[in-house]
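Undergrad: run-v2.cif (mmCIF, C-alpha atoms) pasted underneath:
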data_input
loop_
_atom_site.group_PDB
_atom_site.id
_atom_site.type_symbol
_atom_site.label_atom_id
_atom_site.label_comp_id
_atom_site.auth_asym_id
_atom_site.auth_seq_id
_atom_site.Cartn_x
_atom_site.Cartn_y
_atom_site.Cartn_z
ATOM 1 C CA MET A 1 0.000 0.000 0.000
ATOM 2 C CA ALA A 2 1.529 3.327 -1.088
ATOM 3 C CA VAL A 3 2.009 5.990 1.616
ATOM 4 C CA ILE A 4 3.758 8.451 -0.722
ATOM 5 C CA GLU A 5 2.654 9.010 -4.314
ATOM 6 C CA VAL A 6 4.461 11.377 -6.669
ATOM 7 C CA GLN A 7 3.119 11.900 -10.192
ATOM 8 C CA ASN A 8 4.749 14.036 -12.912
ATOM 9 C CA LEU A 9 6.402 16.392 -10.413
ATOM 10 C CA GLN A 10 7.942 19.542 -11.920
ATOM 11 C CA LYS A 11 9.784 22.341 -10.136
ATOM 12 C CA ARG A 12 11.853 25.213 -11.509
ATOM 13 C CA TYR A 13 13.788 28.146 -10.043
ATOM 14 C CA GLY A 14 13.585 30.958 -12.573
ATOM 15 C CA ASP A 15 14.938 29.565 -15.835
ATOM 16 C CA THR A 16 16.514 26.555 -14.125
ATOM 17 C CA VAL A 17 14.510 23.319 -14.197
ATOM 18 C CA ALA A 18 15.329 21.457 -10.970
ATOM 19 C CA VAL A 19 12.764 18.666 -11.371
ATOM 20 C CA ARG A 20 11.543 17.946 -14.890
ATOM 21 C CA ASP A 21 9.231 14.926 -14.541
ATOM 22 C CA VAL A 22 9.477 12.699 -11.461
ATOM 23 C CA SER A 23 7.026 9.916 -10.628
ATOM 24 C CA PHE A 24 7.271 7.111 -8.054
ATOM 25 C CA THR A 25 5.429 5.572 -5.114
ATOM 26 C CA VAL A 26 6.735 4.537 -1.704
ATOM 27 C CA ASP A 27 5.076 1.558 -0.040
ATOM 28 C CA ARG A 28 4.236 1.311 3.630
ATOM 29 C CA GLY A 29 7.081 -0.073 5.724
ATOM 30 C CA GLU A 30 9.811 0.073 3.100
ATOM 31 C CA ILE A 31 13.091 1.976 2.964
ATOM 32 C CA PHE A 32 12.973 3.796 -0.363
ATOM 33 C CA GLY A 33 16.195 5.364 -1.598
ATOM 34 C CA ILE A 34 16.746 8.295 -3.937
ATOM 35 C CA LEU A 35 20.117 8.427 -5.692
ATOM 36 C CA GLY A 36 21.485 10.902 -8.195
ATOM 37 C CA PRO A 37 24.421 13.149 -9.056
ATOM 38 C CA ASN A 38 24.795 16.568 -7.419
ATOM 39 C CA GLY A 39 22.173 18.919 -8.811
ATOM 40 C CA ALA A 40 20.001 16.096 -10.157
ATOM 41 C CA GLY A 41 16.894 17.261 -8.258
ATOM 42 C CA LYS A 42 16.947 14.859 -5.291
ATOM 43 C CA THR A 43 16.685 17.406 -2.495
ATOM 44 C CA THR A 44 14.109 19.523 -4.344
ATOM 45 C CA THR A 45 11.980 16.393 -4.795
ATOM 46 C CA VAL A 46 12.000 15.478 -1.088
ATOM 47 C CA GLU A 47 11.430 19.110 -0.059
ATOM 48 C CA CYS A 48 8.290 19.128 -2.227
ATOM 49 C CA ILE A 49 7.179 15.871 -0.590
ATOM 50 C CA ALA A 50 7.824 17.377 2.853
ATOM 51 C CA GLY A 51 5.714 20.426 1.955
ATOM 52 C CA LEU A 52 8.665 22.828 2.129
ATOM 53 C CA ARG A 53 8.446 23.777 -1.545
ATOM 54 C CA ILE A 54 5.479 24.146 -3.900
ATOM 55 C CA PRO A 55 5.904 22.481 -7.313
ATOM 56 C CA GLU A 56 4.863 24.100 -10.598
ATOM 57 C CA SER A 57 2.883 21.003 -11.602
ATOM 58 C CA GLY A 58 2.282 17.382 -10.753
ATOM 59 C CA THR A 59 0.602 15.801 -7.753
ATOM 60 C CA ILE A 60 1.923 14.547 -4.416
ATOM 61 C CA THR A 61 0.049 12.742 -1.664
ATOM 62 C CA VAL A 62 1.519 11.701 1.676
ATOM 63 C CA LEU A 63 -0.663 9.366 3.741
ATOM 64 C CA ASP A 64 -3.536 10.379 1.419
ATOM 65 C CA ARG A 65 -3.034 14.055 2.284
ATOM 66 C CA PRO A 66 -1.468 16.978 0.396
ATOM 67 C CA PRO A 67 2.101 17.666 1.610
ATOM 68 C CA ARG A 68 1.223 20.970 3.311
ATOM 69 C CA ASP A 69 -1.585 19.482 5.413
ATOM 70 C CA PRO A 70 -0.823 20.582 9.039
ATOM 71 C CA GLU A 71 -1.753 17.104 10.310
ATOM 72 C CA LEU A 72 1.316 15.666 8.578
ATOM 73 C CA ARG A 73 3.598 17.557 10.979
ATOM 74 C CA LYS A 74 2.696 14.939 13.600
ATOM 75 C CA LEU A 75 3.104 12.029 11.178
ATOM 76 C CA VAL A 76 6.214 12.868 9.158
ATOM 77 C CA GLY A 77 9.710 13.451 10.530
ATOM 78 C CA VAL A 78 12.212 15.317 8.357
ATOM 79 C CA GLN A 79 16.004 15.517 8.503
ATOM 80 C CA LEU A 80 17.191 18.018 5.917
ATOM 81 C CA GLN A 81 20.527 18.140 4.129
ATOM 82 C CA GLU A 82 21.246 21.425 5.899
ATOM 83 C CA SER A 83 19.594 22.624 9.093
ATOM 84 C CA GLN A 84 20.403 25.009 11.934
ATOM 85 C CA LEU A 85 19.382 25.465 15.561
ATOM 86 C CA GLN A 86 19.866 28.416 17.871
ATOM 87 C CA GLU A 87 23.589 28.396 18.693
ATOM 88 C CA LYS A 88 23.233 28.585 22.499
ATOM 89 C CA LEU A 89 20.670 25.764 22.674
ATOM 90 C CA THR A 90 22.093 22.646 24.324
ATOM 91 C CA VAL A 91 21.500 19.146 22.986
ATOM 92 C CA ARG A 92 19.305 18.364 26.009
ATOM 93 C CA GLU A 93 17.231 21.518 25.515
ATOM 94 C CA ALA A 94 16.742 20.767 21.798
ATOM 95 C CA LEU A 95 15.615 17.210 22.475
ATOM 96 C CA GLU A 96 13.272 18.245 25.299
ATOM 97 C CA LEU A 97 11.841 21.113 23.216
ATOM 98 C CA TYR A 98 11.128 18.973 20.143
ATOM 99 C CA SER A 99 9.772 16.182 22.333
ATOM 100 C CA SER A 100 7.181 18.632 23.725
ATOM 101 C CA PHE A 101 5.792 19.231 20.215
ATOM 102 C CA TYR A 102 4.315 15.705 19.925
ATOM 103 C CA PRO A 103 1.514 13.929 21.790
ATOM 104 C CA GLU A 104 3.408 10.608 21.986
ATOM 105 C CA PRO A 105 7.108 11.325 21.525
ATOM 106 C CA ALA A 106 9.890 8.768 21.495
ATOM 107 C CA ASP A 107 12.221 8.414 24.486
ATOM 108 C CA TRP A 108 14.682 11.202 23.637
ATOM 109 C CA GLN A 109 17.277 9.873 26.079
ATOM 110 C CA ALA A 110 17.231 6.492 24.315
ATOM 111 C CA LEU A 111 17.626 8.248 20.949
ATOM 112 C CA ALA A 112 20.540 10.281 22.293
ATOM 113 C CA ARG A 113 22.173 7.092 23.545
ATOM 114 C CA GLU A 114 21.653 5.246 20.244
ATOM 115 C CA LEU A 115 23.066 8.162 18.256
ATOM 116 C CA GLY A 116 26.100 8.725 20.485
ATOM 117 C CA LEU A 117 24.876 12.038 21.920
ATOM 118 C CA ILE A 118 24.375 11.075 25.544
ATOM 119 C CA GLU A 119 27.696 12.625 26.615
ATOM 120 C CA LYS A 120 26.900 15.828 24.695
ATOM 121 C CA LEU A 121 23.589 16.652 26.368
ATOM 122 C CA GLY A 122 25.042 19.748 28.056
ATOM 123 C CA THR A 123 26.908 20.936 24.953
ATOM 124 C CA ARG A 124 25.639 23.966 23.055
ATOM 125 C CA TYR A 125 24.763 23.537 19.395
ATOM 126 C CA ALA A 126 27.512 25.926 18.260
ATOM 127 C CA LYS A 127 30.140 23.711 19.944
ATOM 128 C CA LEU A 128 29.091 20.471 18.234
ATOM 129 C CA SER A 129 31.133 19.024 15.397
ATOM 130 C CA GLY A 130 29.554 18.641 11.971
ATOM 131 C CA GLY A 131 28.941 14.936 12.569
ATOM 132 C CA GLN A 132 27.378 15.586 15.977
ATOM 133 C CA LYS A 133 25.043 18.199 14.484
ATOM 134 C CA GLN A 134 24.025 15.611 11.895
ATOM 135 C CA ARG A 135 23.239 13.039 14.597
ATOM 136 C CA LEU A 136 21.167 15.595 16.499
ATOM 137 C CA SER A 137 19.247 16.389 13.305
ATOM 138 C CA ILE A 138 18.476 12.678 12.877
ATOM 139 C CA ALA A 139 17.296 12.433 16.493
ATOM 140 C CA LEU A 140 14.975 15.422 16.052
ATOM 141 C CA ALA A 141 13.497 13.847 12.908
ATOM 142 C CA LEU A 142 12.685 10.649 14.809
ATOM 143 C CA ILE A 143 11.623 12.118 18.145
ATOM 144 C CA GLY A 144 7.947 12.409 17.234
ATOM 145 C CA ASN A 145 7.551 8.672 16.521
ATOM 146 C CA PRO A 146 6.668 9.490 12.891
ATOM 147 C CA ARG A 147 4.910 7.113 10.516
ATOM 148 C CA ILE A 148 7.202 8.388 7.738
ATOM 149 C CA ALA A 149 10.775 9.646 8.113
ATOM 150 C CA ILE A 150 12.364 11.696 5.311
ATOM 151 C CA LEU A 151 16.147 11.616 5.664
ATOM 152 C CA ASP A 152 18.292 13.698 3.289
ATOM 153 C CA GLU A 153 22.000 12.748 3.230
ATOM 154 C CA LEU A 154 21.508 10.827 6.441
ATOM 155 C CA THR A 155 25.122 9.966 7.330
ATOM 156 C CA THR A 156 27.148 12.749 5.708
ATOM 157 C CA GLY A 157 29.899 13.771 8.131
ATOM 158 C CA LEU A 158 29.735 10.595 10.210
ATOM 159 C CA ASP A 159 32.739 8.324 10.642
ATOM 160 C CA PRO A 160 32.406 4.724 9.321
ATOM 161 C CA GLN A 161 31.483 3.234 12.713
ATOM 162 C CA ALA A 162 28.902 5.939 13.447
ATOM 163 C CA ARG A 163 27.516 5.454 9.932
ATOM 164 C CA ARG A 164 26.987 1.740 10.481
ATOM 165 C CA ASP A 165 25.490 2.362 13.936
ATOM 166 C CA THR A 166 23.043 4.773 12.291
ATOM 167 C CA TRP A 167 22.136 2.131 9.690
ATOM 168 C CA ASP A 168 21.280 -0.259 12.524
ATOM 169 C CA LEU A 169 19.134 2.441 14.121
ATOM 170 C CA ILE A 170 17.279 3.105 10.841
ATOM 171 C CA GLU A 171 16.587 -0.597 10.347
ATOM 172 C CA SER A 172 15.242 -0.822 13.899
ATOM 173 C CA ILE A 173 12.989 2.183 13.184
ATOM 174 C CA ARG A 174 11.713 0.475 10.032
ATOM 175 C CA ASP A 175 11.119 -2.722 12.004
ATOM 176 C CA ARG A 176 8.683 -0.711 14.149
ATOM 177 C CA GLY A 177 6.633 0.050 11.041
ATOM 178 C CA VAL A 178 8.058 3.427 10.011
ATOM 179 C CA THR A 179 8.385 4.078 6.269
ATOM 180 C CA ILE A 180 11.681 5.740 5.370
ATOM 181 C CA LEU A 181 12.461 7.931 2.362
ATOM 182 C CA LEU A 182 16.246 8.138 2.178
ATOM 183 C CA VAL A 183 18.354 10.434 -0.014
ATOM 184 C CA THR A 184 21.981 9.329 -0.133
ATOM 185 C CA HIS A 185 25.113 9.475 -2.243
ATOM 186 C CA PHE A 186 26.672 6.485 -0.467
ATOM 187 C CA MET A 187 26.101 3.462 -2.707
ATOM 188 C CA GLU A 188 27.012 1.070 0.120
ATOM 189 C CA GLU A 189 24.347 2.728 2.262
ATOM 190 C CA ALA A 190 21.711 2.269 -0.435
ATOM 191 C CA GLU A 191 22.700 -1.373 -1.000
ATOM 192 C CA SER A 192 22.632 -2.107 2.726
ATOM 193 C CA LEU A 193 19.387 -0.324 3.639
ATOM 194 C CA CYS A 194 17.076 0.217 0.674
ATOM 195 C CA ASP A 195 14.324 -2.107 -0.505
ATOM 196 C CA ARG A 196 13.967 -0.078 -3.714
ATOM 197 C CA VAL A 197 15.882 2.791 -5.270
ATOM 198 C CA ALA A 198 14.984 5.577 -7.707
ATOM 199 C CA VAL A 199 17.890 7.052 -9.660
ATOM 200 C CA ILE A 200 17.224 10.690 -10.567
ATOM 201 C CA ASP A 201 19.307 12.472 -13.191
ATOM 202 C CA HIS A 202 18.639 15.837 -14.845
ATOM 203 C CA GLY A 203 15.352 16.075 -12.940
ATOM 204 C CA GLU A 204 13.943 12.754 -14.156
ATOM 205 C CA VAL A 205 13.737 9.201 -12.818
ATOM 206 C CA VAL A 206 16.062 7.219 -15.087
ATOM 207 C CA ALA A 207 15.710 3.904 -13.211
ATOM 208 C CA LEU A 208 13.584 2.446 -10.406
ATOM 209 C CA ASP A 209 14.259 -1.013 -9.008
ATOM 210 C CA THR A 210 15.778 -2.927 -6.128
ATOM 211 C CA PRO A 211 19.548 -2.376 -5.706
ATOM 212 C CA ALA A 212 20.142 -5.891 -7.036
ATOM 213 C CA GLY A 213 17.786 -5.226 -9.947
ATOM 214 C CA LEU A 214 19.703 -2.083 -10.908
ATOM 215 C CA VAL A 215 22.983 -3.994 -10.875
ATOM 216 C CA ALA A 216 21.438 -6.716 -13.044
ATOM 217 C CA ARG A 217 20.478 -4.109 -15.678
ATOM 218 C CA ILE A 218 24.051 -3.235 -16.548
ATOM 219 C CA ALA A 219 26.381 -5.379 -18.604
ATOM 220 C CA VAL A 220 27.684 -8.135 -16.359
ATOM 221 C CA GLU A 221 31.389 -7.424 -16.089
ATOM 222 C CA GLN A 222 34.039 -8.808 -13.797
ATOM 223 C CA ARG A 223 37.295 -7.202 -12.743
ATOM 224 C CA ILE A 224 40.449 -9.018 -11.697
ATOM 225 C CA ARG A 225 43.201 -7.165 -9.859
ATOM 226 C CA PHE A 226 46.663 -8.583 -9.215
ATOM 227 C CA ARG A 227 50.350 -7.750 -9.065
ATOM 228 C CA PRO A 228 52.275 -9.669 -11.772
ATOM 229 C CA SER A 229 55.677 -11.104 -10.843
ATOM 230 C CA ARG A 230 57.096 -9.497 -14.002
ATOM 231 C CA PRO A 231 55.782 -7.141 -16.718
ATOM 232 C CA ILE A 232 53.507 -8.492 -19.464
ATOM 233 C CA ASP A 233 52.302 -6.725 -22.599
ATOM 234 C CA ASP A 234 48.692 -5.464 -22.368
ATOM 235 C CA GLU A 235 48.060 -6.671 -25.908
ATOM 236 C CA GLN A 236 48.376 -10.292 -24.787
ATOM 237 C CA PHE A 237 45.409 -9.805 -22.447
ATOM 238 C CA LEU A 238 43.415 -7.787 -24.985
ATOM 239 C CA ALA A 239 43.833 -10.630 -27.478
ATOM 240 C CA LEU A 240 41.713 -12.822 -25.188
ATOM 241 C CA PRO A 241 38.021 -12.738 -26.241
ATOM 242 C CA GLN A 242 36.922 -12.487 -22.593
ATOM 243 C CA VAL A 243 38.944 -9.293 -21.910
ATOM 244 C CA THR A 244 37.446 -5.852 -22.606
ATOM 245 C CA GLN A 245 39.878 -3.536 -20.823
ATOM 246 C CA VAL A 246 43.302 -3.450 -19.145
ATOM 247 C CA ARG A 247 44.228 -0.755 -16.618
ATOM 248 C CA HIS A 248 47.334 -0.048 -14.549
ATOM 249 C CA HIS A 249 47.193 1.071 -10.909
ATOM 250 C CA GLY A 250 50.787 1.532 -9.809
ATOM 251 C CA GLY A 251 52.259 -1.950 -9.848
ATOM 252 C CA GLN A 252 48.832 -3.582 -10.083
ATOM 253 C CA LEU A 253 46.940 -4.686 -13.177
ATOM 254 C CA GLU A 254 43.141 -4.517 -13.472
ATOM 255 C CA ILE A 255 41.636 -6.780 -16.128
ATOM 256 C CA ALA A 256 37.953 -6.258 -16.956
ATOM 257 C CA GLY A 257 35.827 -8.622 -18.985
ATOM 258 C CA THR A 258 33.046 -11.186 -19.132
ATOM 259 C CA GLY A 259 32.480 -14.933 -19.321
ATOM 260 C CA GLU A 260 35.278 -17.225 -18.110
ATOM 261 C CA LEU A 261 37.547 -14.254 -17.478
ATOM 262 C CA LEU A 262 39.430 -15.693 -14.509
ATOM 263 C CA SER A 263 40.188 -18.960 -16.267
ATOM 264 C CA ALA A 264 41.409 -17.184 -19.411
ATOM 265 C CA VAL A 265 43.662 -14.769 -17.520
ATOM 266 C CA THR A 266 45.186 -17.358 -15.206
ATOM 267 C CA SER A 267 45.854 -19.681 -18.164
ATOM 268 C CA LEU A 268 47.725 -16.892 -19.952
ATOM 269 C CA LEU A 269 49.744 -16.106 -16.838
ATOM 270 C CA ALA A 270 50.611 -19.785 -16.336
ATOM 271 C CA ALA A 271 51.763 -20.078 -19.949
ATOM 272 C CA GLN A 272 54.006 -17.049 -19.400
ATOM 273 C CA GLN A 273 55.199 -18.409 -16.023
ATOM 274 C CA ILE A 274 53.973 -15.261 -14.281
ATOM 275 C CA THR A 275 52.675 -15.346 -10.712
ATOM 276 C CA ALA A 276 49.655 -13.212 -9.768
ATOM 277 C CA ALA A 277 50.163 -11.809 -6.257
ATOM 278 C CA ASP A 278 47.383 -10.167 -4.222
ATOM 279 C CA LEU A 279 44.779 -11.455 -6.689
ATOM 280 C CA ARG A 280 41.272 -10.104 -6.143
ATOM 281 C CA ILE A 281 38.044 -10.634 -8.091
ATOM 282 C CA GLU A 282 35.409 -7.864 -8.146
ATOM 283 C CA GLN A 283 31.840 -8.170 -9.417
ATOM 284 C CA ALA A 284 29.646 -5.318 -10.651
ATOM 285 C CA ASN A 285 27.921 -3.407 -7.826
ATOM 286 C CA LEU A 286 25.554 -0.480 -7.326
ATOM 287 C CA ASP A 287 28.422 1.981 -7.883
ATOM 288 C CA ASP A 288 28.879 0.568 -11.386
ATOM 289 C CA ALA A 289 25.133 0.647 -12.091
ATOM 290 C CA PHE A 290 24.861 4.249 -10.876
ATOM 291 C CA VAL A 291 27.769 5.451 -13.020
ATOM 292 C CA GLN A 292 26.455 3.658 -16.095
ATOM 293 C CA LEU A 293 22.868 4.887 -15.653
ATOM 294 C CA THR A 294 23.782 8.532 -15.028
ATOM 295 C CA SER A 295 26.523 8.725 -17.668
ATOM 296 C CA ARG A 296 24.058 7.262 -20.186
ATOM 297 C CA THR A 297 21.523 10.051 -19.565
ATOM 298 C CA GLY A 298 24.303 12.638 -19.646
ATOM 299 C CA LYS A 299 25.329 11.498 -23.131
ATOM 300 C CA GLU A 300 21.730 11.620 -24.327
#
Please render this file's structure as structure tokens.
TA:
Amino acid sequence: MAVIEVQNLQKRYGDTVAVRDVSFTVDRGEIFGILGPNGAGKTTTVECIAGLRIPESGTITVLDRPPRDPELRKLVGVQLQESQLQEKLTVREALELYSSFYPEPADWQALARELGLIEKLGTRYAKLSGGQKQRLSIALALIGNPRIAILDELTTGLDPQARRDTWDLIESIRDRGVTILLVTHFMEEAESLCDRVAVIDHGEVVALDTPAGLVARIAVEQRIRFRPSRPIDDEQFLALPQVTQVRHHGGQLEIAGTGELLSAVTSLLAAQQITAADLRIEQANLDDAFVQLTSRTGKE
């Protein structure tokens, strides 16, 4: 059952078209990701959904209501890409203040603990690091026990451990029945969290599928990296029908191709009596799908 429906959304700023034609639905209980290059229209799209901007045309419904319906303020939590609080406000004061806005708020102390803010409760907003401000923004988006959480660049500024801790928190929020609309530029984040992903480029949805489905759309290519025990001419690899590309990374070789690539490359190396040290095999991932999908629309 769809809780967010976007149909033919268009938004411009003067002569600049930020969103040209965006349509998608978000189902109840899923984590729906929005990916796209910088300036693709991701943030404008979610700001229209959150009721912060008014589109030129198209329709949006959130829980069967228009985005600017005052009732949605109790039902939708929003963490924006950029947000500010009063500089002298402490973390404790911000959490207590926002908690007072809702009839059935979450336990703000538990949120602070889960997001690593418990030791910063007495710290003023101006003294927080960029990552700590981001965590506080996430906590404020979740403090009202929303039915939908809109999270724009959720983990920007967080260190790898804090990022993964935040992923665990988001999955636990989803497990409680909250639908999450997530804008991210971290492909690993989208692969780990999202049930479905919309790729937006030049203000349009160029692909919509599961992360695995997006990867399956691109040409299936493998990459083999290794350090040869002695130099070998690139042309010998390129003569193999399975090989499409040879790249050099310092002393390492990267061989890209399809089919029985590993067997063909190792057979060639054995015939040349060359040892492959630090050998690693890489399969196509969401990074590859994203680059191929967005570069394709750029060429068009």
Undergrad: How would you write, as an mmCIF file with C-alpha atoms, keeping the file's coordinate frame, the residues chosen by the PyMOL selection byres ((chain A and resi 130) around 12) on this structure?
TA:
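part.cif written:
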data_model
loop_
_atom_site.group_PDB
_atom_site.id
_atom_site.type_symbol
_atom_site.label_atom_id
_atom_site.label_comp_id
_atom_site.auth_asym_id
_atom_site.auth_seq_id
_atom_site.Cartn_x
_atom_site.Cartn_y
_atom_site.Cartn_z
ATOM 1 C CA GLN A 81 20.527 18.140 4.129
ATOM 2 C CA GLU A 82 21.246 21.425 5.899
ATOM 3 C CA SER A 83 19.594 22.624 9.093
ATOM 4 C CA GLN A 84 20.403 25.009 11.934
ATOM 5 C CA TYR A 125 24.763 23.537 19.395
ATOM 6 C CA ALA A 126 27.512 25.926 18.260
ATOM 7 C CA LYS A 127 30.140 23.711 19.944
ATOM 8 C CA LEU A 128 29.091 20.471 18.234
ATOM 9 C CA SER A 129 31.133 19.024 15.397
ATOM 10 C CA GLY A 131 28.941 14.936 12.569
ATOM 11 C CA GLN A 132 27.378 15.586 15.977
ATOM 12 C CA LYS A 133 25.043 18.199 14.484
ATOM 13 C CA GLN A 134 24.025 15.611 11.895
ATOM 14 C CA ARG A 135 23.239 13.039 14.597
ATOM 15 C CA LEU A 136 21.167 15.595 16.499
ATOM 16 C CA SER A 137 19.247 16.389 13.305
ATOM 17 C CA THR A 155 25.122 9.966 7.330
ATOM 18 C CA THR A 156 27.148 12.749 5.708
ATOM 19 C CA GLY A 157 29.899 13.771 8.131
ATOM 20 C CA LEU A 158 29.735 10.595 10.210
ATOM 21 C CA ASP A 159 32.739 8.324 10.642
#
Undergrad: Pick out the residues sitting within 12 Å of Leu52 of chain A, and hand them over as a ChimeraX atom specification; count only C-alpha atoms, and ignore anything fewer than 6 positions along from it in its own chain.
TA: /A:43-46,66-70,73,78,80
Undergrad: Just to confirm, what's the straight-line distance from atom CA of Val91 of chain A to atom CA of Ile138 of chain A in Å (one decimal)?
TA: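 These two atoms are separated by 12.4 Å.
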Undergrad: Which of these, A:Leu240, A:Ala162, A:Leu182, A:Val215, has the shortest distance to Gly259 of chain A once you count only C-alpha atoms?
TA: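 Among the listed residues, the smallest separation from Gly259 of chain A belongs to A:Leu240.
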Undergrad: Rounded to one decimal in Å, what is the spacing between atom CA of Ile232 of chain A and atom CA of Asn285 of chain A?
TA: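 Taking atom CA of Ile232 of chain A as the start and atom CA of Asn285 of chain A as the end point, the length is 28.6 Å.
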Undergrad: Can you give me, as a list of chain:residue names, the residues this file yields under the PyMOL selection byres ((chain A and resi 107-113) around 10)?
TA: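 Written out, the selection comes to A:Val91, A:Arg92, A:Ala94, A:Leu95, A:Glu96, A:Tyr98, A:Ser99, A:Glu104, A:Pro105, A:Ala106, A:Glu114, A:Leu115, A:Gly116, A:Leu117, A:Ile118, A:Glu119, A:Lys120, A:Leu121, A:Arg135, A:Leu136, A:Ile138, A:Ala139, A:Leu140, A:Leu142, A:Ile143, A:Gly144, A:Asn145, A:Leu169.
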Undergrad: Between A:Glu204, A:Glu260, A:Glu282, A:Asp21, which has the minimum distance to Gln7 of chain A (counting all atoms listed in the file)?
TA: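 Nearest candidate to Gln7 of chain A out of A:Glu204, A:Glu260, A:Glu282, A:Asp21: A:Asp21.
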